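Below: the structure, in structure tokens.
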Amino acid sequence: MQSIKNLWLSLQPVSSVCPKNRACPACSGRALRSKSSTAVGAKAANRVCGLYTAIPHATLRSNLLSERFCTISLQCFSFAAVNQKKIFMSLVVVGSMAFDAIETPFGKSDKIIGGAGTYIAWCASNFTPVKQISVVGGDFPQAELDALTARNVTLEGVQIKKDEKTFFWSGKYHLDMNTRDTLVTELNVLGDFQPVVPESYQDCEFLMLGNLAPSVQLSVIEQLKTKPKLVVLDTMNFWMDIALDDLKKVLAKTDVLMVNDSEARQLSGDYSLVRAAKKIMQMGPKYLIIKKGEHGALLFHENSVFYAPALPLEEVFDPTGAGDTFAGGFIGHIAKTKDISFENMKTAIIVGSALASYCVEKFGTERLREIKKADIETRLNEFVQLASFDIALV
């Protein structure tokens with residue numbers, strides 16, 4: 001709970017406190033000690049980073065300013081990170097960019113933009129620049145590529161096969177919105193996709209492997225000259241059925257695995273999710289996230305377990321990209337904070353859950369294109385209220 005509250009505070013336009021007088025994360029300069037005056041504190045906070053002294057600070061909490069503490073502006077860090085590429089650790093996303101046609105009990109879409117890589121990029125780019133690896137056909141709209149570029153998504157690693165068609169999937173959801181029938185699958189360019197990691201991607205610190213053939217995921221890992229700080233893998237039961245040996249090779253090089261509860265049971269051969277988690281972590285991943293749809297998610301690490309609730313929603317139109325959106329929010333927060341601790345992953349799960357709760361409100365990526373930072377803050381606050389309570393021990 002404390003990590004969620006810390007996240008909520010960190011998103012506000014205020015200064016954070018560094019009790020150890022650490023260097024400003026934006027410029028590596030030493031933070032100046034502030035005085036108990038808000039005006040003086042604001043000046044000091046601005047002077048911490050010489051790159052962005054003109055950034056306004058809407059509010060400073062005077063109770064955080066004292067002779068003992070130094071202030072480091074989160075706004076200063078945020079803006080500096082966007083404008084100074086060397087500050088952000090590189091996030092590389094690998095995943096499909098596709099067309100979907102979806103039918104649910106509450107509506108039907110024509111052919112719309114989808115794909116794991118698309119959803120992940122739209123979400124992660126709320127927090128950090130993204131370097132995308134994927135493949136599309138000549139029928140994929142240039143406007144969609146331009147929209148991603150405008151969000152600081154680098155597309156150098158996206159192959160465009162002009163004479164071929166983009167991957168297409170069509171499905172129909174049942175009334176419970178948890179089960180679906182696949183109506184059409186056309187692999188097209190994805191059928192023989194051979195990813196190529198550009199030289200400019202070799203600074204990869206965080207690697208997000210969206211749901212693709214394990215051989216494709218493994219190829220990207222092996223092309224990187226330096227092991228990333230964190231490798232996150234999403235997969236599904238289909239690959240467990242037809243490419244289990246390849247999947248196990250990828251798992252051996254993975255730090256965080258994301259699967260749903262039925263996939264965790266299939267991969268481990270154990271119905272108990274606790275025992276299943278232990279068996280899966282023995283395959284390689286240090287962390288395991290088990291997604292449970294409308295019932296939230298579980299995070300496992302060694303002997304520790306964290307449960308994150310899902311936000312109850314009045315209307316759910318399309319759950320297709322919810323899992324990928326969750327992954328995008330998760331890795332986006334991790335890459336922004338550069339913290340791969342279990343405690344920070346708890347926060348990242350809440351961020352992912354918040355974004356996923358927006359995704360399902362409309363078809364495809366439509367809702368993700370609409371939300372702003374203020375919307376994310378609002379939804380995170382709802383999660384804080386959802387899971388916050390006081391209890392008197394007897």
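Each chain of the structure tokens is named A, B, ... in the order shown, its residues numbered from 1; ligands are numbered from 1 in display order.
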Just the residues within 8 Å of region 358-363 of chain A, please, counting only C-alpha atoms, with nothing from its chain fewer than 2 positions along; format it as a compact mmCIF listing (two decimals) with N, CA and C atoms, in the first residue's frame.
# COMPACT_ATOMS: atom_id res chain seq x y z
N ILE A 102 -13.43 -7.11 -34.06
CA ILE A 102 -13.87 -7.63 -32.76
C ILE A 102 -15.38 -7.51 -32.60
N SER A 109 -16.80 -4.02 -33.97
CA SER A 109 -15.91 -3.10 -34.67
C SER A 109 -15.63 -3.60 -36.07
N GLU A 315 -18.82 -0.38 -17.45
CA GLU A 315 -18.95 -0.87 -18.81
C GLU A 315 -17.59 -1.36 -19.34
N VAL A 316 -17.62 -2.52 -19.99
CA VAL A 316 -16.44 -3.06 -20.65
C VAL A 316 -16.83 -3.38 -22.09
N PHE A 317 -16.21 -2.68 -23.04
CA PHE A 317 -16.57 -2.87 -24.44
C PHE A 317 -15.65 -3.85 -25.15
N ASP A 318 -14.35 -3.81 -24.83
CA ASP A 318 -13.41 -4.64 -25.58
C ASP A 318 -12.19 -4.96 -24.72
N PRO A 319 -12.06 -6.20 -24.26
CA PRO A 319 -10.91 -6.58 -23.43
C PRO A 319 -9.71 -7.04 -24.23
N THR A 320 -9.75 -6.95 -25.55
CA THR A 320 -8.71 -7.54 -26.40
C THR A 320 -7.30 -7.10 -26.02
N GLY A 321 -7.09 -5.80 -25.86
CA GLY A 321 -5.74 -5.30 -25.60
C GLY A 321 -5.42 -5.08 -24.14
N ALA A 322 -6.28 -5.54 -23.25
CA ALA A 322 -6.08 -5.25 -21.82
C ALA A 322 -4.76 -5.80 -21.29
N THR A 325 -1.88 -3.80 -22.73
CA THR A 325 -1.89 -2.47 -22.11
C THR A 325 -1.30 -2.54 -20.71
N ALA A 354 -4.17 0.33 -14.05
CA ALA A 354 -4.88 1.59 -14.28
C ALA A 354 -5.06 1.83 -15.78
N LEU A 355 -4.00 1.62 -16.56
CA LEU A 355 -4.09 1.83 -18.00
C LEU A 355 -4.99 0.79 -18.67
N ALA A 356 -4.91 -0.44 -18.19
CA ALA A 356 -5.77 -1.49 -18.75
C ALA A 356 -7.24 -1.18 -18.51
N THR A 365 -7.41 0.70 -29.72
CA THR A 365 -6.55 1.66 -29.03
C THR A 365 -7.23 3.03 -28.86
N GLU A 366 -8.50 3.12 -29.20
CA GLU A 366 -9.20 4.41 -29.21
C GLU A 366 -9.10 5.14 -27.87
N ARG A 367 -9.37 4.44 -26.79
CA ARG A 367 -9.36 5.11 -25.47
C ARG A 367 -7.94 5.50 -25.07
N LEU A 368 -6.95 4.69 -25.45
CA LEU A 368 -5.57 5.00 -25.09
C LEU A 368 -5.08 6.27 -25.77
Selection near Leu155 (chain A), 10 Å with only C-alpha atoms, sequence-local residues under 5 positions removed, as a ChimeraX atom specification | /A:130-134,145-146,148-149
For those residues, write C-alpha atoms to a file as a compact mmCIF listing (two decimals), in the first residue's frame.
# COMPACT_ATOMS: atom_id res chain seq x y z
CA VAL A 130 10.07 3.53 -26.89
CA LYS A 131 12.10 1.73 -29.57
CA GLN A 132 9.78 -0.58 -31.47
CA ILE A 133 10.54 -3.87 -33.26
CA SER A 134 7.76 -5.29 -35.41
CA LEU A 145 2.93 5.05 -37.77
CA ASP A 146 3.07 8.84 -37.64
CA LEU A 148 3.34 6.56 -32.74
CA THR A 149 6.31 8.62 -33.90
Once DSSP has gone over the backbone, tell me which residues of region 331-377 of chain A are in helix (DSSP H, G or I), as a ChimeraX atom specification.
-> /A:331-337,342-359,366-370,373-377
Return the single residue from A:Gln266, A:Thr254, A:Val189, A:Ala116 that is closest to Phe326 (chain A), with distances computed using only C-alpha atoms.
->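 With only C-alpha atoms as the atom set, the closest residue is A:Ala116.
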Contacts of Glu302 (chain A) at 12 Å (only C-alpha atoms; same-chain gap of 3+ positions) as a list of chain:residue names |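 My list of contacting residues is A:Val274, A:Arg275, A:Ala277, A:Lys278, A:Lys279, A:Ile280, A:Met281, A:Gln282, A:Gly284, A:Pro285, A:Lys286, A:Tyr287, A:Leu288, A:Leu299, A:Val305, A:Phe306, A:Phe342.
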Could you dump the residues just selected with N, CA and C atoms as a short mmCIF file (atom, residue, chain, number, x, y, z; two decimals), in the first residue's frame?
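So result25.cif came out as:
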data_model
loop_
_atom_site.label_atom_id
_atom_site.label_comp_id
_atom_site.auth_asym_id
_atom_site.auth_seq_id
_atom_site.Cartn_x
_atom_site.Cartn_y
_atom_site.Cartn_z
N VAL A 274 0.29 -20.92 -6.22
CA VAL A 274 1.48 -20.72 -5.40
C VAL A 274 2.56 -21.73 -5.78
N ARG A 275 2.18 -22.99 -5.88
CA ARG A 275 3.14 -24.01 -6.30
C ARG A 275 3.54 -23.81 -7.75
N ALA A 277 3.79 -21.01 -9.33
CA ALA A 277 4.75 -19.91 -9.39
C ALA A 277 6.16 -20.38 -9.06
N LYS A 278 6.28 -21.21 -8.03
CA LYS A 278 7.59 -21.71 -7.64
C LYS A 278 8.22 -22.54 -8.75
N LYS A 279 7.42 -23.37 -9.40
CA LYS A 279 7.94 -24.22 -10.47
C LYS A 279 8.36 -23.38 -11.67
N ILE A 280 7.55 -22.36 -12.01
CA ILE A 280 7.87 -21.52 -13.16
C ILE A 280 9.14 -20.70 -12.91
N MET A 281 9.29 -20.19 -11.69
CA MET A 281 10.49 -19.40 -11.38
C MET A 281 11.75 -20.25 -11.42
N GLN A 282 11.61 -21.55 -11.23
CA GLN A 282 12.76 -22.45 -11.37
C GLN A 282 13.19 -22.60 -12.83
N GLY A 284 13.62 -20.07 -14.79
CA GLY A 284 14.43 -18.92 -15.17
C GLY A 284 13.97 -17.57 -14.64
N PRO A 285 12.69 -17.24 -14.79
CA PRO A 285 12.23 -15.91 -14.35
C PRO A 285 12.39 -15.72 -12.84
N LYS A 286 12.86 -14.52 -12.47
CA LYS A 286 12.97 -14.18 -11.04
C LYS A 286 11.63 -13.69 -10.50
N TYR A 287 10.82 -13.17 -11.40
CA TYR A 287 9.51 -12.63 -11.03
C TYR A 287 8.46 -13.26 -11.94
N LEU A 288 7.29 -13.48 -11.39
CA LEU A 288 6.17 -14.01 -12.17
C LEU A 288 4.93 -13.16 -11.89
N LEU A 299 1.75 -10.93 -8.15
CA LEU A 299 3.19 -10.81 -8.40
C LEU A 299 3.93 -11.72 -7.43
N VAL A 305 4.67 -12.49 -2.14
CA VAL A 305 3.52 -12.42 -3.04
C VAL A 305 2.83 -11.08 -2.84
N PHE A 306 2.43 -10.46 -3.96
CA PHE A 306 1.66 -9.21 -3.90
C PHE A 306 0.42 -9.37 -4.76
N PHE A 342 11.35 -5.44 -6.09
CA PHE A 342 10.01 -6.02 -5.88
C PHE A 342 9.02 -4.94 -5.46
#
For Val93 (chain A), please output as a VMD selection string all residues within 10 Å (counting only C-alpha atoms; exclusion window: fewer than 5 positions along the same chain).
-> chain A and resid 116 to 118 120 to 121 124 130 to 134 153 157 204 206 to 210 232 328 331
Exercise: Ala308 (chain A) partners within 12 Å, only C-alpha atoms, chain neighbours under 5 positions left out, as JSON, numbers by chain | {"A": [1, 3, 4, 289, 290, 291, 292, 293, 294, 295, 296, 297, 298, 299, 300, 326, 345, 346, 347, 348, 349, 350, 351, 352, 353, 354, 383, 384, 386, 387, 388]}
Got a sec to tell me which of region 153-254 of chain A DSSP assigns to strand (DSSP E or B), as a count of residues only?
-> 33
Å distance separating CA of Leu257 (chain A) from CA of Leu212 (chain A), one decimal place =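 CA of Leu212 (chain A) lies at a distance of 13.5 Å from CA of Leu257 (chain A).
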Spatial neighbours of Gln202 (chain A), 9 Å, only C-alpha atoms, chain gap at least 3 places, as a count of residues only | 9
Separation of CA of Lys248 (chain A) from CA of Asp234 (chain A), in Å and rounded to one decimal =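 Between CA of Lys248 (chain A) and CA of Asp234 (chain A) the gap is 12.8 Å.
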